[in-house]
$ cat model-v6.csv   # CSV, C-alpha atoms and all ligand atoms
chain,number,residue,atom,x,y,z
A,291,MET,CA,107.4,79.3,97.9
A,292,VAL,CA,104.6,76.8,97.7
A,293,LEU,CA,100.8,77.3,97.8
A,294,ASP,CA,99.2,74.2,99.4
A,295,ALA,CA,95.6,75.3,99.1
A,296,PRO,CA,93.6,78.5,98.7
A,297,GLY,CA,93.5,80.6,101.8
A,298,ARG,CA,96.8,79.3,103.1
A,299,PRO,CA,100.0,81.4,103.4
A,300,LEU,CA,102.8,80.6,101.0
A,301,ARG,CA,105.1,78.0,102.5
A,302,PRO,CA,108.9,78.0,102.0
A,303,ALA,CA,110.0,74.6,100.8
A,304,GLU,CA,113.1,72.9,99.6
A,305,LEU,CA,112.1,71.0,96.4
A,306,PRO,CA,114.3,68.8,94.1
A,307,ASP,CA,115.7,70.7,91.1
A,308,PRO,CA,113.2,70.1,88.2
A,309,GLU,CA,114.7,68.2,85.2
A,310,PRO,CA,113.8,69.5,81.7
A,311,GLY,CA,112.2,66.9,79.4
A,312,PRO,CA,112.3,67.0,75.6
A,313,GLY,CA,111.4,70.5,74.4
A,314,GLN,CA,111.8,72.0,77.8
A,315,VAL,CA,114.3,74.3,79.5
A,316,ARG,CA,115.3,74.6,83.1
A,317,VAL,CA,115.7,78.2,84.0
A,318,ARG,CA,117.6,79.8,86.9
A,319,VAL,CA,115.1,82.5,88.0
A,320,HIS,CA,116.5,86.0,88.5
A,321,ALA,CA,113.2,87.9,88.8
A,322,CYS,CA,109.6,87.1,88.9
A,323,GLY,CA,106.7,89.6,88.8
A,324,VAL,CA,103.9,89.5,91.3
A,325,CYS,CA,100.5,89.6,89.6
A,326,ARG,CA,96.9,90.3,90.8
A,327,THR,CA,96.1,86.9,89.4
A,328,ASP,CA,98.3,85.3,92.1
A,329,LEU,CA,96.0,86.9,94.7
A,330,HIS,CA,93.0,85.4,92.9
A,331,ILE,CA,94.6,81.9,93.0
A,332,ILE,CA,95.4,82.3,96.7
A,333,ASP,CA,91.8,83.5,97.3
A,334,GLY,CA,90.4,80.5,95.4
A,335,GLU,CA,88.8,82.7,92.8
A,336,VAL,CA,90.9,81.2,90.0
A,337,ARG,CA,91.5,77.5,90.2
A,338,GLY,CA,94.0,75.4,88.3
A,339,SER,CA,94.5,71.7,87.7
A,340,ARG,CA,96.7,70.9,90.6
A,341,LEU,CA,97.9,71.8,94.2
A,342,PRO,CA,100.3,72.3,95.7
A,343,ILE,CA,101.6,74.8,93.2
A,344,VAL,CA,104.5,77.3,92.9
A,345,LEU,CA,102.9,80.6,91.8
A,346,GLY,CA,104.5,83.2,89.5
A,347,HIS,CA,104.1,83.8,85.8
A,348,GLN,CA,106.3,86.8,84.9
A,349,ILE,CA,109.7,85.0,85.1
A,350,VAL,CA,113.0,86.2,83.9
A,351,GLY,CA,116.0,84.0,84.1
A,352,THR,CA,118.8,82.2,82.2
A,353,VAL,CA,118.6,78.7,80.7
A,354,GLU,CA,120.6,76.4,82.8
A,355,ALA,CA,119.8,73.1,81.1
A,356,ALA,CA,117.9,72.3,77.9
A,357,GLY,CA,116.1,69.1,76.7
A,358,GLU,CA,116.2,68.0,73.1
A,359,ASP,CA,114.8,70.6,70.6
A,360,ALA,CA,114.1,73.1,73.4
A,361,GLY,CA,114.9,76.0,71.0
A,362,HIS,CA,117.0,78.0,73.6
A,363,ALA,CA,120.7,77.6,74.3
A,364,THR,CA,122.2,77.2,77.7
A,365,GLY,CA,123.0,80.7,79.1
A,366,ALA,CA,120.3,82.5,77.1
A,367,ARG,CA,118.2,85.0,78.9
A,368,VAL,CA,114.5,84.2,78.5
A,369,GLY,CA,111.1,85.3,79.8
A,370,ILE,CA,108.3,82.9,80.7
A,371,PRO,CA,104.8,84.2,80.6
A,372,TRP,CA,101.3,83.0,81.8
A,373,LEU,CA,100.6,80.9,78.7
A,374,GLY,CA,102.6,77.7,79.4
A,375,TRP,CA,101.2,75.2,76.9
A,376,THR,CA,98.5,74.8,74.3
A,377,CYS,CA,97.2,71.7,72.5
A,378,GLY,CA,97.9,73.1,69.0
A,379,VAL,CA,95.1,71.1,67.4
A,380,CYS,CA,91.8,72.6,68.6
A,381,ARG,CA,89.7,75.1,66.7
A,382,TYR,CA,91.1,77.9,68.7
A,383,CYS,CA,94.7,76.9,68.4
A,384,ARG,CA,94.2,76.4,64.6
A,385,SER,CA,92.7,79.9,64.2
A,386,GLY,CA,95.3,82.1,65.9
A,387,ARG,CA,93.4,82.1,69.2
A,388,GLU,CA,95.5,79.8,71.4
A,389,ASN,CA,94.7,82.1,74.3
A,390,LEU,CA,91.2,80.4,74.3
A,391,CYS,CA,92.5,76.8,74.0
A,392,PRO,CA,90.3,74.7,76.4
A,393,ARG,CA,93.3,72.5,77.2
A,394,ALA,CA,95.8,75.4,77.8
A,395,ARG,CA,98.0,75.1,80.8
A,396,PHE,CA,99.2,78.2,82.6
A,397,THR,CA,102.4,79.0,84.4
A,398,GLY,CA,102.0,79.3,88.1
A,399,LEU,CA,98.6,77.7,88.0
A,400,ASP,CA,98.9,74.4,86.2
A,401,ILE,CA,102.7,74.4,85.9
A,402,ASP,CA,105.1,75.3,88.7
A,403,GLY,CA,106.1,78.9,88.2
A,404,GLY,CA,108.7,81.5,89.2
A,405,TYR,CA,108.3,81.9,93.0
A,406,ALA,CA,111.3,79.6,93.1
A,407,GLU,CA,115.0,79.5,92.4
A,408,ARG,CA,114.5,77.2,89.4
A,409,THR,CA,111.6,76.3,87.1
A,410,VAL,CA,111.0,74.2,84.0
A,411,ALA,CA,109.1,75.5,81.0
A,412,ASP,CA,108.2,74.5,77.4
A,413,GLY,CA,110.8,76.2,75.2
A,414,ARG,CA,108.1,77.1,72.6
A,415,PHE,CA,106.5,79.3,75.2
A,416,CYS,CA,109.7,81.1,76.3
A,417,PHE,CA,110.8,84.4,74.8
A,418,GLY,CA,114.0,86.2,74.3
A,419,LEU,CA,113.9,89.6,76.0
A,420,PRO,CA,114.8,93.0,74.7
A,421,GLU,CA,118.2,94.3,75.8
A,422,GLY,CA,118.1,97.5,77.8
A,423,PHE,CA,115.7,96.0,80.3
A,424,ALA,CA,117.4,94.7,83.5
A,425,ASP,CA,115.9,91.4,84.7
A,426,LEU,CA,113.7,93.1,87.4
A,427,GLU,CA,112.5,95.7,84.8
A,428,ALA,CA,111.6,93.1,82.2
A,429,ALA,CA,109.6,90.9,84.6
A,430,PRO,CA,106.4,93.1,84.6
A,431,LEU,CA,106.4,93.1,80.8
A,432,LEU,CA,105.5,89.4,80.8
A,433,CYS,CA,101.9,89.7,82.1
A,434,ALA,CA,101.1,93.2,83.0
A,435,GLY,CA,102.7,94.3,79.7
A,436,LEU,CA,101.5,91.4,77.5
A,437,ILE,CA,98.0,91.1,78.6
A,438,GLY,CA,97.7,94.9,79.1
A,439,PHE,CA,98.8,95.2,75.4
A,440,ARG,CA,96.2,92.7,74.3
A,441,THR,CA,93.6,94.7,76.2
A,442,LEU,CA,94.7,98.0,74.5
A,443,ARG,CA,94.6,96.3,71.1
A,444,LEU,CA,91.0,95.2,71.7
A,445,ALA,CA,90.0,98.8,72.4
A,446,GLY,CA,90.8,99.7,68.7
A,447,ASP,CA,92.1,103.1,67.8
A,448,ALA,CA,90.4,105.0,70.5
A,449,GLU,CA,91.9,108.5,71.0
A,450,ARG,CA,90.6,109.3,74.5
A,451,LEU,CA,91.5,106.3,76.6
A,452,GLY,CA,90.5,105.7,80.2
A,453,ILE,CA,92.6,103.4,82.3
A,454,TYR,CA,90.7,102.1,85.3
A,455,GLY,CA,93.2,100.7,87.9
A,456,PHE,CA,96.6,102.2,87.5
A,457,GLY,CA,98.9,99.5,88.7
A,458,ALA,CA,101.3,97.2,86.9
A,459,ALA,CA,99.4,96.9,83.7
A,460,GLY,CA,98.0,100.5,83.8
A,461,HIS,CA,101.4,102.2,84.1
A,462,ILE,CA,102.9,100.2,81.2
A,463,ILE,CA,99.9,100.6,78.9
A,464,CYS,CA,99.7,104.3,79.6
A,465,GLN,CA,103.2,104.7,78.2
A,466,VAL,CA,102.3,102.6,75.1
A,467,ALA,CA,99.1,104.6,74.5
A,468,LEU,CA,100.9,107.9,74.8
A,469,ALA,CA,103.6,106.8,72.3
A,470,GLU,CA,100.7,106.0,69.9
A,471,GLY,CA,99.4,109.5,70.2
A,472,ARG,CA,96.4,108.8,72.4
A,473,ARG,CA,95.2,110.9,75.3
A,474,VAL,CA,95.2,109.0,78.7
A,475,PHE,CA,92.9,109.5,81.6
A,476,ALA,CA,93.7,107.5,84.8
A,477,PHE,CA,91.0,106.3,87.2
A,478,THR,CA,92.0,105.2,90.6
A,479,ARG,CA,90.5,104.3,94.0
A,480,ALA,CA,88.9,107.4,95.6
A,481,GLY,CA,91.5,109.5,97.3
A,482,ASP,CA,94.5,107.6,96.1
A,483,GLU,CA,96.5,110.7,95.5
A,484,ALA,CA,99.9,108.9,95.3
A,485,THR,CA,98.7,106.8,92.4
A,486,GLN,CA,97.0,109.8,90.7
A,487,ALA,CA,100.3,111.7,91.0
A,488,PHE,CA,102.2,108.7,89.5
A,489,ALA,CA,99.8,108.6,86.6
A,490,ARG,CA,100.2,112.3,85.9
A,491,GLU,CA,104.0,111.9,86.2
A,492,LEU,CA,103.8,109.3,83.4
A,493,GLY,CA,101.9,111.6,81.2
A,494,ALA,CA,98.2,111.0,81.9
A,495,GLU,CA,96.5,114.3,81.3
A,496,TRP,CA,94.0,113.7,84.1
A,497,ALA,CA,93.8,111.4,87.1
A,498,GLY,CA,90.9,111.0,89.5
A,499,ASP,CA,88.3,108.9,91.3
A,500,ALA,CA,87.1,105.9,89.2
A,501,LEU,CA,83.5,106.2,90.5
A,502,GLY,CA,83.4,110.0,90.1
A,503,PRO,CA,82.6,111.8,86.8
A,504,ALA,CA,85.1,111.6,83.9
A,505,PRO,CA,86.5,115.0,82.8
A,506,GLU,CA,85.2,114.4,79.3
A,507,GLU,CA,83.8,111.6,77.2
A,508,LEU,CA,86.1,108.7,76.5
A,509,ASP,CA,86.4,106.6,73.3
A,510,ALA,CA,87.5,103.5,75.2
A,511,ALA,CA,88.1,102.3,78.7
A,512,LEU,CA,90.4,99.6,79.9
A,513,ILE,CA,89.6,98.1,83.3
A,514,PHE,CA,92.5,96.5,85.1
A,515,ALA,CA,91.1,96.6,88.7
A,516,PRO,CA,89.1,93.6,89.7
A,517,ALA,CA,86.0,95.6,90.8
A,518,GLY,CA,82.8,94.9,89.0
A,519,GLU,CA,81.3,98.3,89.9
A,520,LEU,CA,83.8,99.8,87.5
A,521,VAL,CA,82.0,98.3,84.5
A,522,PRO,CA,78.8,100.5,84.6
A,523,ALA,CA,81.0,103.4,85.6
A,524,ALA,CA,83.2,102.9,82.6
A,525,LEU,CA,80.2,102.4,80.3
A,526,ALA,CA,78.8,105.7,81.5
A,527,ALA,CA,82.1,107.4,80.7
A,528,VAL,CA,82.5,106.2,77.1
A,529,ALA,CA,80.9,108.0,74.2
A,530,PRO,CA,78.5,106.3,71.8
A,531,GLY,CA,80.3,103.6,69.8
A,532,GLY,CA,83.0,103.3,72.6
A,533,THR,CA,84.4,100.1,73.9
A,534,VAL,CA,85.0,98.9,77.5
A,535,VAL,CA,87.6,96.1,77.8
A,536,CYS,CA,88.0,94.1,81.1
A,537,GLY,CA,91.6,93.1,81.2
A,538,GLY,CA,91.6,90.9,84.3
A,539,ILE,CA,91.0,87.2,84.9
A,540,HIS,CA,88.5,87.7,87.7
A,541,MET,CA,86.3,90.5,88.8
A,542,SER,CA,83.7,90.9,91.6
A,543,ASP,CA,80.1,90.7,90.3
A,544,ILE,CA,79.0,93.4,88.0
A,545,PRO,CA,76.1,95.3,89.4
A,546,SER,CA,72.9,95.5,87.3
A,547,PHE,CA,72.7,98.6,85.1
A,548,PRO,CA,70.2,100.3,82.8
A,549,TYR,CA,70.4,99.2,79.1
A,550,GLU,CA,70.9,102.9,78.3
A,551,LEU,CA,74.5,102.6,79.4
A,552,LEU,CA,75.2,100.0,76.7
A,553,TRP,CA,73.0,101.4,74.0
A,554,HIS,CA,74.4,103.5,71.2
A,555,GLU,CA,76.6,100.7,70.1
A,556,ARG,CA,78.9,100.7,73.1
A,557,VAL,CA,80.8,97.4,73.3
A,558,LEU,CA,81.7,95.6,76.5
A,559,ARG,CA,84.2,92.7,76.3
A,560,SER,CA,86.8,90.8,78.2
A,561,VAL,CA,90.4,89.7,77.5
A,562,ALA,CA,91.6,86.2,78.2
A,563,ASN,CA,95.3,85.3,78.5
A,564,LEU,CA,97.7,85.9,75.6
A,565,THR,CA,98.9,84.4,72.4
A,566,ARG,CA,102.6,83.9,71.6
A,567,ARG,CA,102.0,86.4,68.8
A,568,ASP,CA,101.0,89.0,71.4
A,569,ALA,CA,104.2,88.3,73.2
A,570,GLU,CA,106.4,88.7,70.1
A,571,GLU,CA,104.7,91.9,69.1
A,572,PHE,CA,104.8,93.5,72.6
A,573,LEU,CA,108.4,92.5,73.4
A,574,ASP,CA,109.3,94.1,70.0
A,575,LEU,CA,107.4,97.2,70.8
A,576,ALA,CA,108.4,97.8,74.4
A,577,PRO,CA,112.0,99.0,73.8
A,578,ARG,CA,110.8,101.3,71.0
A,579,VAL,CA,108.3,103.2,73.2
A,580,PRO,CA,110.4,102.9,75.3
A,581,VAL,CA,108.5,101.4,78.2
A,582,ARG,CA,110.0,102.2,81.6
A,583,THR,CA,108.6,99.9,84.3
A,584,ARG,CA,108.4,101.1,87.9
A,585,VAL,CA,109.1,98.3,90.3
A,586,THR,CA,109.2,97.6,94.0
A,587,THR,CA,111.4,94.7,94.8
A,588,TYR,CA,111.2,91.9,97.4
A,589,GLY,CA,113.2,88.8,98.2
A,590,LEU,CA,111.7,85.4,97.5
A,591,ALA,CA,111.0,84.8,101.2
A,592,ASP,CA,109.0,88.0,101.2
A,593,ALA,CA,106.6,86.9,98.5
A,594,GLY,CA,103.7,86.9,101.0
A,595,ARG,CA,104.4,90.5,102.0
A,596,ALA,CA,104.6,91.5,98.3
A,597,LEU,CA,101.2,90.0,97.7
A,598,GLU,CA,99.7,91.8,100.7
A,599,ASP,CA,101.2,95.1,99.6
A,600,LEU,CA,99.7,94.5,96.2
A,601,ARG,CA,96.3,93.7,97.7
A,602,ALA,CA,96.4,96.9,99.8
A,603,GLY,CA,97.5,99.1,97.0
A,604,ARG,CA,100.7,100.0,99.0
A,605,LEU,CA,103.0,100.2,95.9
A,606,GLU,CA,103.2,102.1,92.6
A,607,GLY,CA,103.8,100.1,89.4
A,608,ALA,CA,104.7,96.5,89.8
A,609,ALA,CA,106.0,94.2,92.6
A,610,VAL,CA,108.9,92.0,91.6
A,611,LEU,CA,110.6,89.2,93.5
A,612,VAL,CA,114.4,89.4,92.9
A,613,LEU,CA,116.5,86.3,93.5
B,1,ZN,ZN,94.1,74.2,71.7
B,2,ZN,ZN,99.4,88.0,85.5

$ encode --input "model-v6.csv" --output "structure tokens" --more "lines below"
Ligand SMILES: [Zn+2]
Ligand SMILES: [Zn+2]
Amino acid sequence: MVLDAPGRPLRPAELPDPEPGPGQVRVRVHACGVCRTDLHIIDGEVRGSRLPIVLGHQIVGTVEAAGEDAGHATGARVGIPWLGWTCGVCRYCRSGRENLCPRARFTGLDIDGGYAERTVADGRFCFGLPEGFADLEAAPLLCAGLIGFRTLRLAGDAERLGIYGFGAAGHIICQVALAEGRRVFAFTRAGDEATQAFARELGAEWAGDALGPAPEELDAALIFAPAGELVPAALAAVAPGGTVVCGGIHMSDIPSFPYELLWHERVLRSVANLTRRDAEEFLDLAPRVPVRTRVTTYGLADAGRALEDLRAGRLEGAAVLVL
């Protein structure tokens, strides 16, 4: 499924099988998660280095062919995340912050991704996946899980945790946070009772309207929904010294707000991408929680419908293409 340009529907296409070069693997795709970022790319809010492009950056499949020194054997099950390549020599790469590498290339943005039967990836950026997760259950771990985990880590050891936007990332990170002994409060679109019930079912002690009052002060808030008006709402909900972390790649403009909301040492920050270390840590942690992903599955040809269901909030948990 090919994106020719922003604003255009995905187009089914028959492409030649990609050949892996040195250090690369060709993967037969079994499942690929659908991410909010894919909508931002389609809407032209996130732009990569080339078009047309095959979207999809939460890929689970098996290695079908491997170039020299690819690091993964034929037949191995691997996961391919958003971070597809980094330069390895810039100041960010050399200081453990490859997520900020200015030359980084991203799967499904700069490199053809997993809305396809086959894809090629740099073996250094592919990961073995924990057993006990079926392919379709593992796919959402690769972005919603990984970047959600980085978002949680940047919130520090907050006990009372607000999760704004309870979708693919929210429902995974809720489970991690509860396993760490935190208290979780879920903030959804107004009146979204299905998602609020889903959050309570997963163990959130409260679920309600994101723009309404919080039931008590929070120590941190994670924002996974791409709505800028949530930033002042979350700042108003966190206690002095609390942190608000924006976990998405794009957000609508943040409305102006009084300095009082930030004062008292509240912290507002974003999260960008992931490092390979985040992936190793989270993929080690997920089976120990254990994280149970809720997925709604679609065929590859229905990728466009999956994206529109995600946009409209018509599903709980994560959308996954199954091949
Ligand atoms: Zn770099
Ligand atoms: Zn993503």

$ residues_near_ligand --input "model-v6.csv" --ligand "ligand ZN 2 (chain B)" --cutoff "10 Å" --atoms "all atoms listed in the file" --output "list of chain:residue names"
A:Gly323, A:Val324, A:Cys325, A:Arg326, A:Thr327, A:Asp328, A:Leu329, A:Gly346, A:His347, A:Gln348, A:Pro371, A:Trp372, A:Leu373, A:Thr397, A:Gly398, A:Pro430, A:Leu431, A:Leu432, A:Cys433, A:Ala434, A:Gly435, A:Leu436, A:Ile437, A:Gly438, A:Ala458, A:Ala459, A:Gly538, A:Ile539, A:Asn563

$ closest_atom_pairs --input "model-v6.csv" --of "range 502-595 of chain A" --to "range 460-483 of chain A" --cutoff "9 Å" --atoms "all atoms listed in the file" --output "tab-separated table"
residue	atom	partner	partner_atom	distance
A:Gly502	CA	A:Ala480	CA	8.2
A:Ala504	CA	A:Phe475	CA	8.4
A:Pro505	CA	A:Phe475	CA	8.5
A:Leu508	CA	A:Phe475	CA	8.5
A:Leu512	CA	A:Gly460	CA	8.6
A:Ile513	CA	A:Gly460	CA	8.8
A:Phe514	CA	A:Gly460	CA	6.9
A:Ala515	CA	A:Thr478	CA	8.9
A:Leu575	CA	A:Val466	CA	8.6
A:Ala576	CA	A:Val466	CA	7.8
A:Val579	CA	A:Ala469	CA	6.0
A:Pro580	CA	A:Gln465	CA	8.0
A:Val581	CA	A:Gln465	CA	6.2
A:Arg582	CA	A:Ile462	CA	7.4
A:Thr583	CA	A:Ile462	CA	6.5
A:Arg584	CA	A:His461	CA	8.0

$ residues_around --input "model-v6.csv" --residues "Ile332 in chain A" --least-positions-apart "4" --cutoff "12 Å" --atoms "only C-alpha atoms" --output "MDAnalysis selection string"
chainID A and resid 292:300 325:328 336:338 341:346 398:399 594 597:598 601

$ residues_near_ligand --input "model-v6.csv" --ligand "ligand ZN 1 (chain B)" --cutoff "6 Å" --atoms "only C-alpha atoms and all ligand atoms" --output "list of chain:residue names"
A:Thr376, A:Cys377, A:Gly378, A:Val379, A:Cys380, A:Tyr382, A:Cys383, A:Glu388, A:Cys391, A:Arg393

$ write_last_selection --input "model-v6.csv" --atoms "C-alpha atoms" --output "PDB file, in the frame of the given file"
ATOM      1  CA  THR A 376      98.500  74.800  74.300  1.00  0.00           C
ATOM      2  CA  CYS A 377      97.200  71.700  72.500  1.00  0.00           C
ATOM      3  CA  GLY A 378      97.900  73.100  69.000  1.00  0.00           C
ATOM      4  CA  VAL A 379      95.100  71.100  67.400  1.00  0.00           C
ATOM      5  CA  CYS A 380      91.800  72.600  68.600  1.00  0.00           C
ATOM      6  CA  TYR A 382      91.100  77.900  68.700  1.00  0.00           C
ATOM      7  CA  CYS A 383      94.700  76.900  68.400  1.00  0.00           C
ATOM      8  CA  GLU A 388      95.500  79.800  71.400  1.00  0.00           C
ATOM      9  CA  CYS A 391      92.500  76.800  74.000  1.00  0.00           C
ATOM     10  CA  ARG A 393      93.300  72.500  77.200  1.00  0.00           C
TER      11      ARG A 393
END

$ residues_near_point --input "model-v6.csv" --point "(80.7, 100.8, 70.3)" --cutoff "9 Å" --atoms "only C-alpha atoms" --output "MDAnalysis selection string"
chainID A and resid 509:510 528:534 552:558

$ closest_residue --input "model-v6.csv" --among "A:Leu444, A:Leu564, A:Val521, A:Ala428" --to "Asp543 in chain A" --atoms "all atoms listed in the file"
A:Val521

$ build_atoms --input "model-v6.csv" --residues "range 474-505 of chain A" --atoms "N, CA and C atoms" --output "short mmCIF file (atom, residue, chain, number, x, y, z; two decimals), in the coordinates of the input"
data_model
loop_
_atom_site.label_atom_id
_atom_site.label_comp_id
_atom_site.auth_asym_id
_atom_site.auth_seq_id
_atom_site.Cartn_x
_atom_site.Cartn_y
_atom_site.Cartn_z
N VAL A 474 95.44 109.99 77.59
CA VAL A 474 95.20 109.00 78.70
C VAL A 474 94.58 109.71 79.89
N PHE A 475 93.54 109.08 80.41
CA PHE A 475 92.90 109.50 81.60
C PHE A 475 92.94 108.36 82.63
N ALA A 476 93.47 108.62 83.82
CA ALA A 476 93.70 107.50 84.80
C ALA A 476 92.64 107.59 85.89
N PHE A 477 92.02 106.44 86.15
CA PHE A 477 91.00 106.30 87.20
C PHE A 477 91.45 105.41 88.27
N THR A 478 91.49 105.92 89.50
CA THR A 478 92.00 105.20 90.60
C THR A 478 90.98 105.02 91.73
N ARG A 479 91.37 104.30 92.80
CA ARG A 479 90.50 104.30 94.00
C ARG A 479 90.36 105.73 94.48
N ALA A 480 89.20 106.00 95.07
CA ALA A 480 88.90 107.40 95.60
C ALA A 480 90.00 107.79 96.56
N GLY A 481 90.52 108.97 96.37
CA GLY A 481 91.50 109.50 97.30
C GLY A 481 92.88 108.98 97.23
N ASP A 482 93.16 108.13 96.23
CA ASP A 482 94.50 107.60 96.10
C ASP A 482 95.41 108.58 95.38
N GLU A 483 95.80 109.59 96.14
CA GLU A 483 96.50 110.70 95.50
C GLU A 483 97.91 110.30 95.04
N ALA A 484 98.53 109.33 95.72
CA ALA A 484 99.90 108.90 95.30
C ALA A 484 99.81 108.28 93.91
N THR A 485 98.81 107.41 93.69
CA THR A 485 98.70 106.80 92.40
C THR A 485 98.30 107.80 91.31
N GLN A 486 97.45 108.75 91.69
CA GLN A 486 97.00 109.80 90.70
C GLN A 486 98.24 110.63 90.32
N ALA A 487 99.10 110.96 91.29
CA ALA A 487 100.30 111.70 91.00
C ALA A 487 101.24 110.93 90.07
N PHE A 488 101.34 109.63 90.36
CA PHE A 488 102.20 108.70 89.50
C PHE A 488 101.68 108.72 88.09
N ALA A 489 100.36 108.65 87.92
CA ALA A 489 99.80 108.60 86.60
C ALA A 489 100.08 109.93 85.83
N ARG A 490 99.94 111.05 86.51
CA ARG A 490 100.20 112.30 85.90
C ARG A 490 101.70 112.44 85.50
N GLU A 491 102.54 111.93 86.40
CA GLU A 491 104.00 111.90 86.20
C GLU A 491 104.33 111.16 84.87
N LEU A 492 103.57 110.09 84.62
CA LEU A 492 103.80 109.30 83.40
C LEU A 492 103.19 109.88 82.17
N GLY A 493 102.41 110.93 82.33
CA GLY A 493 101.90 111.60 81.20
C GLY A 493 100.36 111.56 81.00
N ALA A 494 99.65 110.95 81.96
CA ALA A 494 98.20 111.00 81.90
C ALA A 494 97.78 112.47 82.04
N GLU A 495 96.82 112.91 81.22
CA GLU A 495 96.50 114.30 81.30
C GLU A 495 95.47 114.61 82.40
N TRP A 496 94.89 113.57 82.96
CA TRP A 496 94.00 113.70 84.10
C TRP A 496 94.04 112.45 84.92
N ALA A 497 93.87 112.57 86.23
CA ALA A 497 93.80 111.40 87.10
C ALA A 497 92.81 111.72 88.21
N GLY A 498 91.91 110.77 88.50
CA GLY A 498 90.90 111.00 89.50
C GLY A 498 90.20 109.77 89.96
N ASP A 499 89.12 109.96 90.70
CA ASP A 499 88.30 108.90 91.30
C ASP A 499 87.58 108.10 90.22
N ALA A 500 87.74 106.77 90.26
CA ALA A 500 87.10 105.90 89.20
C ALA A 500 85.61 105.95 89.25
N LEU A 501 85.01 106.22 90.40
CA LEU A 501 83.50 106.20 90.50
C LEU A 501 82.96 107.62 90.36
N GLY A 502 83.83 108.60 90.25
CA GLY A 502 83.40 110.00 90.10
C GLY A 502 83.19 110.27 88.58
N PRO A 503 82.80 111.50 88.23
CA PRO A 503 82.60 111.80 86.80
C PRO A 503 83.94 111.90 86.06
N ALA A 504 83.91 111.48 84.80
CA ALA A 504 85.10 111.60 83.90
C ALA A 504 85.14 113.09 83.48
N PRO A 505 86.34 113.62 83.20
CA PRO A 505 86.50 115.00 82.80
C PRO A 505 85.89 115.31 81.44
#
